[in-house]
Each structure stands twice: as C-alpha cells, then as structure tokens.
>>> print(open('coords.pdb').read())   # PDB, C-alpha atoms
ATOM      1  CA  MET A  41       3.376  14.643  27.705
ATOM      2  CA  LYS A  42       1.980  13.444  24.379
ATOM      3  CA  LEU A  43       5.194  14.504  22.660
ATOM      4  CA  LYS A  44       7.301  12.546  25.133
ATOM      5  CA  THR A  45       5.111   9.480  24.808
ATOM      6  CA  LEU A  46       5.302   9.662  21.030
ATOM      7  CA  PHE A  47       9.067   9.977  21.092
ATOM      8  CA  ILE A  48       9.463   7.038  23.455
ATOM      9  CA  ILE A  49       7.432   4.906  21.061
ATOM     10  CA  ILE A  50       9.619   6.027  18.164
ATOM     11  CA  ILE A  51      12.883   5.115  19.887
ATOM     12  CA  ILE A  52      11.506   1.808  21.152
ATOM     13  CA  SER A  53      10.651   0.717  17.628
ATOM     14  CA  PHE A  54      13.440   2.492  15.729
ATOM     15  CA  PHE A  55      14.673  -0.627  13.917
ATOM     16  CA  ILE A  56      11.369  -2.268  13.033
ATOM     17  CA  PRO A  57      11.131  -1.072   9.401
ATOM     18  CA  ASN A  58      14.685  -2.203   8.650
ATOM     19  CA  LEU A  59      14.963  -5.685  10.137
ATOM     20  CA  SER A  60      14.166  -8.579   7.846
ATOM     21  CA  GLU A  61      12.599 -11.803   9.010
ATOM     22  CA  ALA A  62      15.310 -13.648   7.039
ATOM     23  CA  GLN A  63      17.965 -12.134   9.289
ATOM     24  CA  ASN A  64      16.027 -13.250  12.351
ATOM     25  CA  GLU A  65      15.661 -16.783  11.000
ATOM     26  CA  ASN A  66      19.417 -16.995  10.548
ATOM     27  CA  LEU A  67      19.940 -15.985  14.156
ATOM     28  CA  SER A  68      17.439 -18.525  15.466
ATOM     29  CA  MET A  69      19.426 -21.371  13.933
ATOM     30  CA  ASN A  70      22.298 -20.862  16.394
ATOM     31  CA  GLY A  71      22.950 -20.102  20.022
ATOM     32  CA  HIS A  72      21.832 -21.460  23.369
ATOM     33  CA  ASN A  73      18.344 -21.434  24.826
ATOM     34  CA  VAL A  74      17.948 -20.417  28.488
ATOM     35  CA  LYS A  75      14.606 -20.201  30.280
ATOM     36  CA  SER A  76      14.078 -17.558  32.926
ATOM     37  CA  SER A  77      12.932 -18.758  36.325
ATOM     38  CA  PHE A  78      11.537 -15.250  36.951
ATOM     39  CA  ASN A  79       9.521 -14.090  33.942
ATOM     40  CA  LYS A  80       9.318 -17.607  32.393
ATOM     41  CA  LYS A  81      10.554 -16.358  29.016
ATOM     42  CA  ASP A  82      12.897 -18.274  26.717
ATOM     43  CA  TYR A  83      16.069 -16.394  25.792
ATOM     44  CA  GLN A  84      18.444 -17.182  22.955
ATOM     45  CA  LEU A  85      22.118 -16.454  23.624
ATOM     46  CA  TYR A  86      24.625 -15.866  20.812
ATOM     47  CA  ILE A  87      28.316 -16.195  21.603
ATOM     48  CA  SER A  88      31.325 -14.456  20.062
ATOM     49  CA  LEU A  89      34.599 -15.956  21.309
ATOM     50  CA  PRO A  90      38.095 -14.450  21.252
ATOM     51  CA  SER A  91      40.380 -15.690  18.496
ATOM     52  CA  ASN A  92      42.610 -17.784  20.748
ATOM     53  CA  TYR A  93      39.797 -19.442  22.717
ATOM     54  CA  ASN A  94      40.664 -23.045  23.528
ATOM     55  CA  PRO A  95      38.363 -25.166  25.710
ATOM     56  CA  SER A  96      41.365 -27.208  26.866
ATOM     57  CA  ASP A  97      43.623 -24.498  28.279
ATOM     58  CA  THR A  98      43.374 -22.681  31.617
ATOM     59  CA  ILE A  99      42.739 -19.140  30.342
ATOM     60  CA  HIS A 100      39.522 -17.440  31.496
ATOM     61  CA  TYR A 101      37.945 -14.317  30.014
ATOM     62  CA  PRO A 102      35.804 -11.299  30.922
ATOM     63  CA  VAL A 103      32.262 -11.432  29.533
ATOM     64  CA  LEU A 104      30.310  -8.608  27.899
ATOM     65  CA  TYR A 105      26.533  -9.036  27.746
ATOM     66  CA  ILE A 106      24.836  -7.030  24.993
ATOM     67  CA  LEU A 107      21.089  -6.564  24.583
ATOM     68  CA  ASP A 108      18.862  -6.747  21.468
ATOM     69  CA  ALA A 109      20.638  -9.662  19.801
ATOM     70  CA  ASN A 110      18.320  -9.373  16.779
ATOM     71  CA  TYR A 111      20.406  -6.534  15.405
ATOM     72  CA  SER A 112      23.326  -6.251  17.823
ATOM     73  CA  TYR A 113      24.887  -9.690  17.408
ATOM     74  CA  PRO A 114      25.791  -9.476  13.687
ATOM     75  CA  LEU A 115      27.280  -6.021  14.305
ATOM     76  CA  ILE A 116      29.194  -6.673  17.488
ATOM     77  CA  SER A 117      30.517 -10.074  16.419
ATOM     78  CA  SER A 118      32.054  -8.453  13.331
ATOM     79  CA  LEU A 119      33.514  -5.585  15.369
ATOM     80  CA  HIS A 120      34.774  -8.064  17.943
ATOM     81  CA  ASN A 121      36.616 -10.081  15.291
ATOM     82  CA  LEU A 122      38.202  -6.957  13.777
ATOM     83  CA  LEU A 123      39.315  -5.359  17.041
ATOM     84  CA  ASP A 124      40.433  -8.691  18.467
ATOM     85  CA  SER A 125      42.515  -9.563  15.402
ATOM     86  CA  SER A 126      44.210  -6.158  15.468
ATOM     87  CA  GLN A 127      44.835  -6.529  19.228
ATOM     88  CA  GLU A 128      43.027  -3.296  20.053
ATOM     89  CA  ILE A 129      40.869  -4.825  22.800
ATOM     90  CA  GLU A 130      41.253  -7.404  25.532
ATOM     91  CA  LYS A 131      40.450 -11.025  24.856
ATOM     92  CA  ILE A 132      36.775 -11.234  25.857
ATOM     93  CA  ILE A 133      33.672 -13.358  25.417
ATOM     94  CA  ILE A 134      30.621 -11.519  24.074
ATOM     95  CA  VAL A 135      27.112 -12.819  24.773
ATOM     96  CA  ALA A 136      24.184 -11.261  22.889
ATOM     97  CA  ILE A 137      20.822 -11.778  24.578
ATOM     98  CA  GLY A 138      17.764 -12.256  22.359
ATOM     99  CA  ASP A 139      14.442 -14.053  22.276
ATOM    100  CA  LYS A 140      13.897 -17.652  21.199
ATOM    101  CA  ASN A 141      11.090 -16.380  18.977
ATOM    102  CA  GLN A 142      12.907 -14.065  16.585
ATOM    103  CA  SER A 143       9.915 -12.236  15.079
ATOM    104  CA  ASN A 144      10.076  -8.448  15.102
ATOM    105  CA  THR A 145       6.797  -8.263  17.020
ATOM    106  CA  THR A 146       8.175 -10.487  19.775
ATOM    107  CA  TRP A 147      11.412  -8.526  19.889
ATOM    108  CA  ILE A 148       9.791  -5.131  20.347
ATOM    109  CA  SER A 149       7.244  -6.300  22.920
ATOM    110  CA  SER A 150       9.910  -8.285  24.757
ATOM    111  CA  ARG A 151      12.385  -5.417  25.020
ATOM    112  CA  MET A 152       9.524  -3.226  26.229
ATOM    113  CA  ALA A 153       9.057  -5.609  29.126
ATOM    114  CA  ASP A 154      12.689  -6.398  29.876
ATOM    115  CA  CYS A 155      14.348  -2.997  29.634
ATOM    116  CA  THR A 156      11.890  -0.709  31.393
ATOM    117  CA  PRO A 157      11.982  -0.313  35.192
ATOM    118  CA  SER A 158       8.298   0.558  35.622
ATOM    119  CA  ASN A 159       4.978   0.081  33.909
ATOM    120  CA  ASP A 160       3.471   2.748  31.663
ATOM    121  CA  PRO A 161       0.088   1.442  30.445
ATOM    122  CA  ASN A 162      -0.405   4.345  28.024
ATOM    123  CA  VAL A 163       2.792   3.535  26.156
ATOM    124  CA  ASP A 164       1.932  -0.182  26.278
ATOM    125  CA  ALA A 165      -1.400   0.497  24.619
ATOM    126  CA  GLU A 166       0.143   2.620  21.875
ATOM    127  CA  ILE A 167       2.853   0.039  21.178
ATOM    128  CA  ALA A 168       0.266  -2.744  20.973
ATOM    129  CA  ASN A 169      -1.801  -0.639  18.619
ATOM    130  CA  GLY A 170       1.223   0.045  16.428
ATOM    131  CA  LEU A 171       2.104  -3.642  16.271
ATOM    132  CA  ASN A 172      -1.544  -4.628  15.765
ATOM    133  CA  ILE A 173      -1.502  -7.067  18.671
ATOM    134  CA  PRO A 174      -3.697  -7.384  21.801
ATOM    135  CA  LYS A 175      -2.922  -4.932  24.590
ATOM    136  CA  SER A 176      -2.316  -7.849  26.937
ATOM    137  CA  GLU A 177       0.792  -8.818  24.929
ATOM    138  CA  VAL A 178       2.673  -5.607  25.764
ATOM    139  CA  LYS A 179       3.512  -4.881  29.375
ATOM    140  CA  SER A 180       6.413  -2.683  30.356
ATOM    141  CA  GLY A 181       8.136  -2.667  33.740
ATOM    142  CA  GLY A 182       9.988  -5.990  33.844
ATOM    143  CA  ALA A 183      13.559  -4.757  34.340
ATOM    144  CA  LYS A 184      13.782  -6.194  37.856
ATOM    145  CA  GLU A 185      12.861  -9.674  36.617
ATOM    146  CA  PHE A 186      15.174  -9.388  33.599
ATOM    147  CA  LEU A 187      18.096  -8.360  35.791
ATOM    148  CA  ALA A 188      17.358 -11.293  38.083
ATOM    149  CA  THR A 189      17.284 -13.556  35.016
ATOM    150  CA  ILE A 190      20.709 -12.351  33.904
ATOM    151  CA  ARG A 191      22.130 -12.742  37.403
ATOM    152  CA  THR A 192      20.579 -16.118  38.279
ATOM    153  CA  ASN A 193      20.005 -17.918  34.974
ATOM    154  CA  ILE A 194      22.103 -16.462  32.155
ATOM    155  CA  ILE A 195      25.430 -15.700  33.859
ATOM    156  CA  PRO A 196      25.623 -19.115  35.568
ATOM    157  CA  PHE A 197      24.771 -20.845  32.276
ATOM    158  CA  ILE A 198      27.585 -19.035  30.451
ATOM    159  CA  SER A 199      30.000 -19.674  33.332
ATOM    160  CA  ASN A 200      29.184 -23.387  33.266
ATOM    161  CA  ASN A 201      29.726 -23.687  29.511
ATOM    162  CA  TYR A 202      32.562 -21.246  28.838
ATOM    163  CA  LYS A 203      35.768 -20.221  30.593
ATOM    164  CA  THR A 204      34.821 -16.945  32.220
ATOM    165  CA  LYS A 205      36.166 -14.563  34.841
ATOM    166  CA  ASN A 206      34.102 -12.795  37.468
ATOM    167  CA  ASP A 207      34.288  -9.680  35.292
ATOM    168  CA  TYR A 208      30.978  -8.876  33.598
ATOM    169  CA  GLY A 209      29.910  -5.966  31.428
ATOM    170  CA  ILE A 210      26.522  -4.826  30.099
ATOM    171  CA  LEU A 211      25.926  -2.890  26.874
ATOM    172  CA  GLY A 212      22.676  -1.485  25.499
ATOM    173  CA  HIS A 213      21.337   1.136  23.117
ATOM    174  CA  SER A 214      18.158   3.239  23.382
ATOM    175  CA  ILE A 215      15.725   1.394  25.645
ATOM    176  CA  GLY A 216      18.594  -1.049  26.148
ATOM    177  CA  GLY A 217      20.697   1.920  27.269
ATOM    178  CA  LEU A 218      18.005   2.664  29.827
ATOM    179  CA  PHE A 219      18.405  -0.883  31.156
ATOM    180  CA  ALA A 220      22.202  -0.560  31.274
ATOM    181  CA  GLY A 221      21.760   2.627  33.317
ATOM    182  CA  TYR A 222      19.265   0.810  35.525
ATOM    183  CA  CYS A 223      21.891  -1.883  36.133
ATOM    184  CA  LEU A 224      24.471   0.734  37.129
ATOM    185  CA  ILE A 225      22.373   1.887  40.067
ATOM    186  CA  ASN A 226      20.705  -1.429  40.890
ATOM    187  CA  ALA A 227      23.506  -3.976  40.344
ATOM    188  CA  PRO A 228      26.733  -2.019  40.928
ATOM    189  CA  THR A 229      28.569  -5.110  42.184
ATOM    190  CA  LEU A 230      27.357  -7.492  39.478
ATOM    191  CA  PHE A 231      28.827  -5.602  36.524
ATOM    192  CA  LYS A 232      32.190  -3.880  36.277
ATOM    193  CA  ARG A 233      31.747  -2.268  32.835
ATOM    194  CA  TYR A 234      28.744  -0.405  31.465
ATOM    195  CA  GLY A 235      28.025   0.740  27.905
ATOM    196  CA  ILE A 236      25.083   3.149  28.106
ATOM    197  CA  ASN A 237      24.416   4.304  24.554
ATOM    198  CA  SER A 238      21.657   6.781  23.561
ATOM    199  CA  PRO A 239      19.736   5.834  26.704
ATOM    200  CA  SER A 240      15.977   6.426  26.899
ATOM    201  CA  PHE A 241      16.194   8.131  30.274
ATOM    202  CA  LEU A 242      12.932   9.931  29.497
ATOM    203  CA  TRP A 243      11.075   6.813  30.534
ATOM    204  CA  ASN A 244       8.168   7.448  32.901
ATOM    205  CA  ASN A 245       8.947  11.094  33.681
ATOM    206  CA  GLN A 246      12.705  10.511  33.938
ATOM    207  CA  GLU A 247      12.277   8.316  36.973
ATOM    208  CA  ILE A 248      15.825   6.957  36.625
ATOM    209  CA  LEU A 249      17.149  10.389  37.615
ATOM    210  CA  SER A 250      15.308  10.224  40.927
ATOM    211  CA  ASN A 251      16.534   6.668  41.449
ATOM    212  CA  GLN A 252      20.071   7.775  40.668
ATOM    213  CA  LYS A 253      19.927  10.545  43.267
ATOM    214  CA  ASN A 254      18.718   8.037  45.871
ATOM    215  CA  PHE A 255      21.600   5.748  44.959
ATOM    216  CA  ILE A 256      24.095   8.596  45.222
ATOM    217  CA  THR A 257      22.782   9.481  48.677
ATOM    218  CA  GLU A 258      22.915   5.921  49.984
ATOM    219  CA  ASN A 259      26.171   4.628  48.447
ATOM    220  CA  ASP A 260      29.742   5.697  49.038
ATOM    221  CA  GLU A 261      31.313   3.475  46.371
ATOM    222  CA  LEU A 262      30.822   2.887  42.676
ATOM    223  CA  ASN A 263      33.623   0.948  41.056
ATOM    224  CA  GLY A 264      33.889   0.252  37.348
ATOM    225  CA  LYS A 265      34.173   1.664  33.850
ATOM    226  CA  VAL A 266      31.171   3.541  32.468
ATOM    227  CA  PHE A 267      30.803   4.743  28.887
ATOM    228  CA  ILE A 268      27.832   7.000  28.071
ATOM    229  CA  SER A 269      27.277   8.263  24.532
ATOM    230  CA  TYR A 270      24.764   9.691  22.094
ATOM    231  CA  GLY A 271      24.619  11.246  18.628
ATOM    232  CA  SER A 272      24.581  14.998  18.029
ATOM    233  CA  LEU A 273      21.486  14.606  15.814
ATOM    234  CA  GLU A 274      19.404  12.768  18.408
ATOM    235  CA  PRO A 275      16.069  14.479  19.134
ATOM    236  CA  GLU A 276      16.702  17.302  21.595
ATOM    237  CA  ILE A 277      14.053  15.967  23.947
ATOM    238  CA  MET A 278      16.439  13.121  24.866
ATOM    239  CA  LEU A 279      19.430  15.187  25.855
ATOM    240  CA  PRO A 280      18.523  16.885  29.186
ATOM    241  CA  SER A 281      17.929  13.583  30.990
ATOM    242  CA  ILE A 282      21.123  12.014  29.625
ATOM    243  CA  ASN A 283      23.236  15.032  30.522
ATOM    244  CA  SER A 284      21.668  15.232  33.969
ATOM    245  CA  PHE A 285      22.596  11.585  34.597
ATOM    246  CA  ILE A 286      26.167  12.291  33.470
ATOM    247  CA  ASN A 287      26.450  15.477  35.537
ATOM    248  CA  THR A 288      25.288  13.721  38.687
ATOM    249  CA  LEU A 289      27.963  11.038  38.285
ATOM    250  CA  GLU A 290      30.633  13.655  37.640
ATOM    251  CA  GLU A 291      29.615  15.750  40.653
ATOM    252  CA  ARG A 292      29.651  12.721  42.965
ATOM    253  CA  ASN A 293      33.183  11.892  41.758
ATOM    254  CA  TYR A 294      33.365   8.316  43.014
ATOM    255  CA  LYS A 295      36.960   7.240  43.576
ATOM    256  CA  GLY A 296      36.654   3.920  41.732
ATOM    257  CA  LEU A 297      34.554   5.200  38.848
ATOM    258  CA  LYS A 298      36.120   5.675  35.407
ATOM    259  CA  LEU A 299      33.541   7.650  33.460
ATOM    260  CA  THR A 300      33.918   8.355  29.740
ATOM    261  CA  THR A 301      31.363  10.268  27.670
ATOM    262  CA  GLN A 302      31.133  10.817  23.937
ATOM    263  CA  ILE A 303      28.943  12.838  21.575
ATOM    264  CA  PHE A 304      29.149  11.488  18.031
ATOM    265  CA  GLU A 305      28.905  14.325  15.545
ATOM    266  CA  ASN A 306      26.388  14.085  12.687
ATOM    267  CA  GLU A 307      24.922  10.802  13.979
ATOM    268  CA  THR A 308      21.227  10.143  14.591
ATOM    269  CA  HIS A 309      19.591   7.831  17.106
ATOM    270  CA  THR A 310      19.889   5.035  14.537
ATOM    271  CA  SER A 311      23.114   5.795  12.676
ATOM    272  CA  VAL A 312      25.055   6.171  15.918
ATOM    273  CA  VAL A 313      24.687   2.473  16.775
ATOM    274  CA  ALA A 314      27.763   1.273  14.868
ATOM    275  CA  ALA A 315      29.975   4.093  16.154
ATOM    276  CA  SER A 316      28.832   3.794  19.768
ATOM    277  CA  THR A 317      29.183  -0.001  19.791
ATOM    278  CA  SER A 318      32.720   0.131  18.422
ATOM    279  CA  HIS A 319      33.700   2.926  20.783
ATOM    280  CA  ALA A 320      32.181   1.127  23.772
ATOM    281  CA  LEU A 321      34.379  -1.894  23.063
ATOM    282  CA  LYS A 322      37.455   0.338  22.874
ATOM    283  CA  VAL A 323      36.632   2.315  26.027
ATOM    284  CA  LEU A 324      35.570  -0.636  28.163
ATOM    285  CA  TYR A 325      38.096  -3.211  26.904
ATOM    286  CA  GLY A 326      40.720  -1.238  25.006
ATOM    287  CA  VAL A 327      44.385  -2.223  25.131
ATOM    288  CA  LYS A 328      46.847   0.603  25.606
ATOM    289  CA  ARG A 329      49.498   0.861  22.895
ATOM    290  CA  GLU A 330      53.048   1.654  23.950
TER     291      GLU A 330
END
>>> encode(input="coords.pdb", output="structure tokens")
Amino acid sequence: MKLKTLFIIIIISFFIPNLSEAQNENLSMNGHNVKSSFNKKDYQLYISLPSNYNPSDTIHYPVLYILDANYSYPLISSLHNLLDSSQEIEKIIIVAIGDKNQSNTTWISSRMADCTPSNDPNVDAEIANGLNIPKSEVKSGGAKEFLATIRTNIIPFISNNYKTKNDYGILGHSIGGLFAGYCLINAPTLFKRYGINSPSFLWNNQEILSNQKNFITENDELNGKVFISYGSLEPEIMLPSINSFINTLEERNYKGLKLTTQIFENETHTSVVAASTSHALKVLYGVKRE
C-alpha cells in the first residue's frame, strides 16, 4: 500500500519540477474566467479556434475540453494549429481548463480535488507535506462537483460565447486521465469523445474498476469514440488497472462504442504526453484521406 501511495503522489506531481512560474503568468493574462456554482472555484478557460472560425457565419463546431491547462494549452494549441492547417483533423474548438490562480501549488492541489472521485486523506496529507502547505488546503474527491461544473457552468459559457455543436469531448492525462475515465462511466451522454491517457486508475484501490463493472451491468448502451493510451516505460504498477479497464470495455462490446488503444514504445509517464495528445486528436477527430 505504501508503494501505491508513493506512486500516486509521483504521478500527481509529475510536472512540478519543470513548470516555470513565468509560463503560468503568461497563461493568466488570457482566457475567460468562470466561477463554479458547485465548488465555488474560479476556472480560467483558454480557447484554441479552428483556422476558418468566423463569428459572423453559421458554421458550428465540436468542442474538446482538455484538463491541466497549465501545461496542456501551449502543447495542444500548437498541435491543433498544425493538424488543422494540414487538414488532418476536423474543424474543432479546443477549451483548456485551468485555475485562475496559476501557481504550481494551486494547480497540483486543485487537480487533486477536481480529478479524483473519492477522498484519500493519507494521500492528501502527503501531498500537503510535499508542497509545504496546510493539510486543509488539499482535499481529494471532488470529481462529482467538477463534472457538474463542466456540465452546468463551463459548457453553457462556451456555448453562449462561441459557435458550438452538441458534440463534446474530454481529454486528460495521468490524474486527468482518471477523470476522463470517470466521465465515461458517469456522463456517457454528455461527452461523445474521450481521450484517456496514462490514467491513474490505481486511485483508492482501483475503485474505478468496480464502478466500471457496475456501469456495465446497468447500461446497455455506450456510444462514442474512446482512445486509451500509455507509454511502454510507465511504472509497471500502473498497467494492470489500465488493461483491466480496457479488457472490460472490449468484452462488453457495446455496439456504438469505437474503442482505440495505443501503447507508445520507449515513452515514460512524462514523455508520452506529446505523443498521446497528438494521437488523441487524430483518433477522436481525424479526417480520413481518400
């Protein structure tokens, strides 16, 4: 158990040593601020528009929501521009969800709260200790409220300010991948496309696997595109829970489900981010070439 707890802490904070405050300050200068009516947090939204976006025409677009804007927005906006300009993906709007306060401490404590489906006080205490902040400032288990925030506050805000279709996707890595998986079995009609990259399905004794089996038992339909990936050099402790999640979906064989999986050779939990993000865009929104 101590090994699992230690590993969870490592993957939760895997970017902390590499993110500069200067990068965060640049992010905080742009975007939209939306306040949650559920957890009362302020979120900053960063928008990447398709190349032909025109507020005056009648074209509407699918929307992909990506987590951890602190690091994900600079990456995915660049990939979006490249793949869009080469016509390799659909015309889409990308919305990266971050915190109004862009400090690394806020980011890591916030994603702990937002992306985890249940509370683990032992992990909370170790995270707080590692960040040198009071234990009261780290509380996991807020995924339900975060999902409600996306559904009730963030999606309507984007729909009111941009030309969107009722076609939403969710993309996350690591603990964000855990949340994307949580959405798959808790909001199967809200999202139509799921990017579940290097998911931390170990969380709280792999509880998502039990939740998935309950979902499978109670639901006859699961429509949408799902992309699940990880790197071949990820710690082995991660892999059984991810593969079990994949196997359960494959065995259920939902008629409307288009499941794609990918193992990226020679990629670690960190280095795989660029590859998995690019591949998720291609799998979930790729345009077929004749």
>>> resolve_selection(input="coords.pdb", expression="the PyMOL selection byres ((chain A and resi 247) around 12)", output="list in words")
Thr156, Pro157, Ser158, Asn159, Asp160, Leu218, Gly221, Tyr222, Ser240, Phe241, Leu242, Trp243, Asn244, Asn245, Gln246, Ile248, Leu249, Ser250, Asn251, Gln252, Lys253, Asn254, Ser281 and Phe285 of chain A
>>> resolve_selection(input="coords.pdb", expression="the PyMOL selection byres ((chain A and resi 259) around 12)", output="PyMOL selection string")
chain A and resi 225-226+228-229+252-258+260-263+292+294
>>> closest_residue(input="coords.pdb", among="A:Leu321, A:Ile133, A:Ala227, A:Ile167", to="A:Thr204", atoms="all atoms listed in the file")
A:Ile133
>>> closest_residue(input="coords.pdb", among="A:Phe78, A:Thr146, A:Gly181, A:Glu290", to="A:Val163", atoms="only C-alpha atoms")
A:Gly181
>>> closest_residue(input="coords.pdb", among="A:Lys205, A:Arg329, A:His213, A:Lys295", to="A:Thr98", atoms="all atoms listed in the file")
A:Lys205
>>> resolve_selection(input="coords.pdb", expression="the PyMOL selection byres ((chain A and resi 139) around 12)", output="VMD selection string")
chain A and resid 64 to 65 67 to 68 70 to 76 80 to 86 107 to 111 136 to 138 140 to 151 154
>>> atom_distance(input="coords.pdb", atom1="atom CA of A:Leu324", atom2="atom CA of A:Glu307")
21.1 Å
>>> atom_distance(input="coords.pdb", atom1="atom CA of A:Ala320", atom2="atom CA of A:Ile134")
12.7 Å
>>> decode(input="coords.pdb", residues="stretch 162-171 of chain A", atoms="all heavy atoms", output="mmCIF file, in the first residue's frame")
data_model
loop_
_atom_site.group_PDB
_atom_site.id
_atom_site.type_symbol
_atom_site.label_atom_id
_atom_site.label_comp_id
_atom_site.auth_asym_id
_atom_site.auth_seq_id
_atom_site.Cartn_x
_atom_site.Cartn_y
_atom_site.Cartn_z
ATOM 1 N N ASN A 162 -4.897 10.075 3.433
ATOM 2 C CA ASN A 162 -3.469 9.786 3.555
ATOM 3 C C ASN A 162 -2.681 10.422 2.408
ATOM 4 O O ASN A 162 -1.614 11.016 2.620
ATOM 5 C CB ASN A 162 -3.234 8.273 3.579
ATOM 6 C CG ASN A 162 -3.786 7.615 4.824
ATOM 7 O OD1 ASN A 162 -3.791 8.206 5.901
ATOM 8 N ND2 ASN A 162 -4.261 6.394 4.678
ATOM 9 N N VAL A 163 -3.203 10.305 1.199
ATOM 10 C CA VAL A 163 -2.547 10.937 0.064
ATOM 11 C C VAL A 163 -2.607 12.460 0.199
ATOM 12 O O VAL A 163 -1.631 13.160 -0.079
ATOM 13 C CB VAL A 163 -3.198 10.485 -1.261
ATOM 14 C CG1 VAL A 163 -2.600 11.253 -2.442
ATOM 15 C CG2 VAL A 163 -3.005 8.992 -1.461
ATOM 16 N N ASP A 164 -3.756 12.978 0.642
ATOM 17 C CA ASP A 164 -3.884 14.425 0.851
ATOM 18 C C ASP A 164 -2.791 14.942 1.779
ATOM 19 O O ASP A 164 -2.152 15.969 1.509
ATOM 20 C CB ASP A 164 -5.254 14.755 1.459
ATOM 21 C CG ASP A 164 -6.402 14.483 0.505
ATOM 22 O OD1 ASP A 164 -6.138 14.210 -0.683
ATOM 23 O OD2 ASP A 164 -7.558 14.560 0.956
ATOM 24 N N ALA A 165 -2.587 14.234 2.869
ATOM 25 C CA ALA A 165 -1.596 14.664 3.855
ATOM 26 C C ALA A 165 -0.191 14.651 3.272
ATOM 27 O O ALA A 165 0.611 15.564 3.528
ATOM 28 C CB ALA A 165 -1.674 13.772 5.095
ATOM 29 N N GLU A 166 0.120 13.615 2.479
ATOM 30 C CA GLU A 166 1.459 13.537 1.902
ATOM 31 C C GLU A 166 1.669 14.595 0.824
ATOM 32 O O GLU A 166 2.769 15.141 0.687
ATOM 33 C CB GLU A 166 1.696 12.130 1.346
ATOM 34 C CG GLU A 166 1.712 11.067 2.446
ATOM 35 C CD GLU A 166 2.195 9.717 1.937
ATOM 36 O OE1 GLU A 166 3.264 9.679 1.305
ATOM 37 O OE2 GLU A 166 1.494 8.727 2.174
ATOM 38 N N ILE A 167 0.638 14.895 0.055
ATOM 39 C CA ILE A 167 0.736 15.959 -0.944
ATOM 40 C C ILE A 167 0.947 17.308 -0.256
ATOM 41 O O ILE A 167 1.801 18.105 -0.656
ATOM 42 C CB ILE A 167 -0.533 16.012 -1.808
ATOM 43 C CG1 ILE A 167 -0.627 14.777 -2.691
ATOM 44 C CG2 ILE A 167 -0.544 17.280 -2.652
ATOM 45 C CD1 ILE A 167 0.405 14.715 -3.786
ATOM 46 N N ALA A 168 0.168 17.573 0.775
ATOM 47 C CA ALA A 168 0.308 18.839 1.507
ATOM 48 C C ALA A 168 1.702 18.971 2.090
ATOM 49 O O ALA A 168 2.315 20.050 2.044
ATOM 50 C CB ALA A 168 -0.748 18.920 2.610
ATOM 51 N N ASN A 169 2.211 17.876 2.611
ATOM 52 C CA ASN A 169 3.558 17.893 3.175
ATOM 53 C C ASN A 169 4.599 18.184 2.089
ATOM 54 O O ASN A 169 5.538 18.965 2.286
ATOM 55 C CB ASN A 169 3.860 16.553 3.846
ATOM 56 C CG ASN A 169 5.235 16.534 4.495
ATOM 57 O OD1 ASN A 169 5.521 17.319 5.395
ATOM 58 N ND2 ASN A 169 6.094 15.638 4.032
ATOM 59 N N GLY A 170 4.416 17.570 0.918
ATOM 60 C CA GLY A 170 5.350 17.783 -0.171
ATOM 61 C C GLY A 170 5.314 19.201 -0.708
ATOM 62 O O GLY A 170 6.331 19.730 -1.159
ATOM 63 N N LEU A 171 4.156 19.822 -0.666
ATOM 64 C CA LEU A 171 4.010 21.196 -1.145
ATOM 65 C C LEU A 171 4.270 22.224 -0.045
ATOM 66 O O LEU A 171 4.265 23.436 -0.301
ATOM 67 C CB LEU A 171 2.596 21.413 -1.703
ATOM 68 C CG LEU A 171 2.225 20.615 -2.950
ATOM 69 C CD1 LEU A 171 0.750 20.835 -3.294
ATOM 70 C CD2 LEU A 171 3.100 20.996 -4.131
#
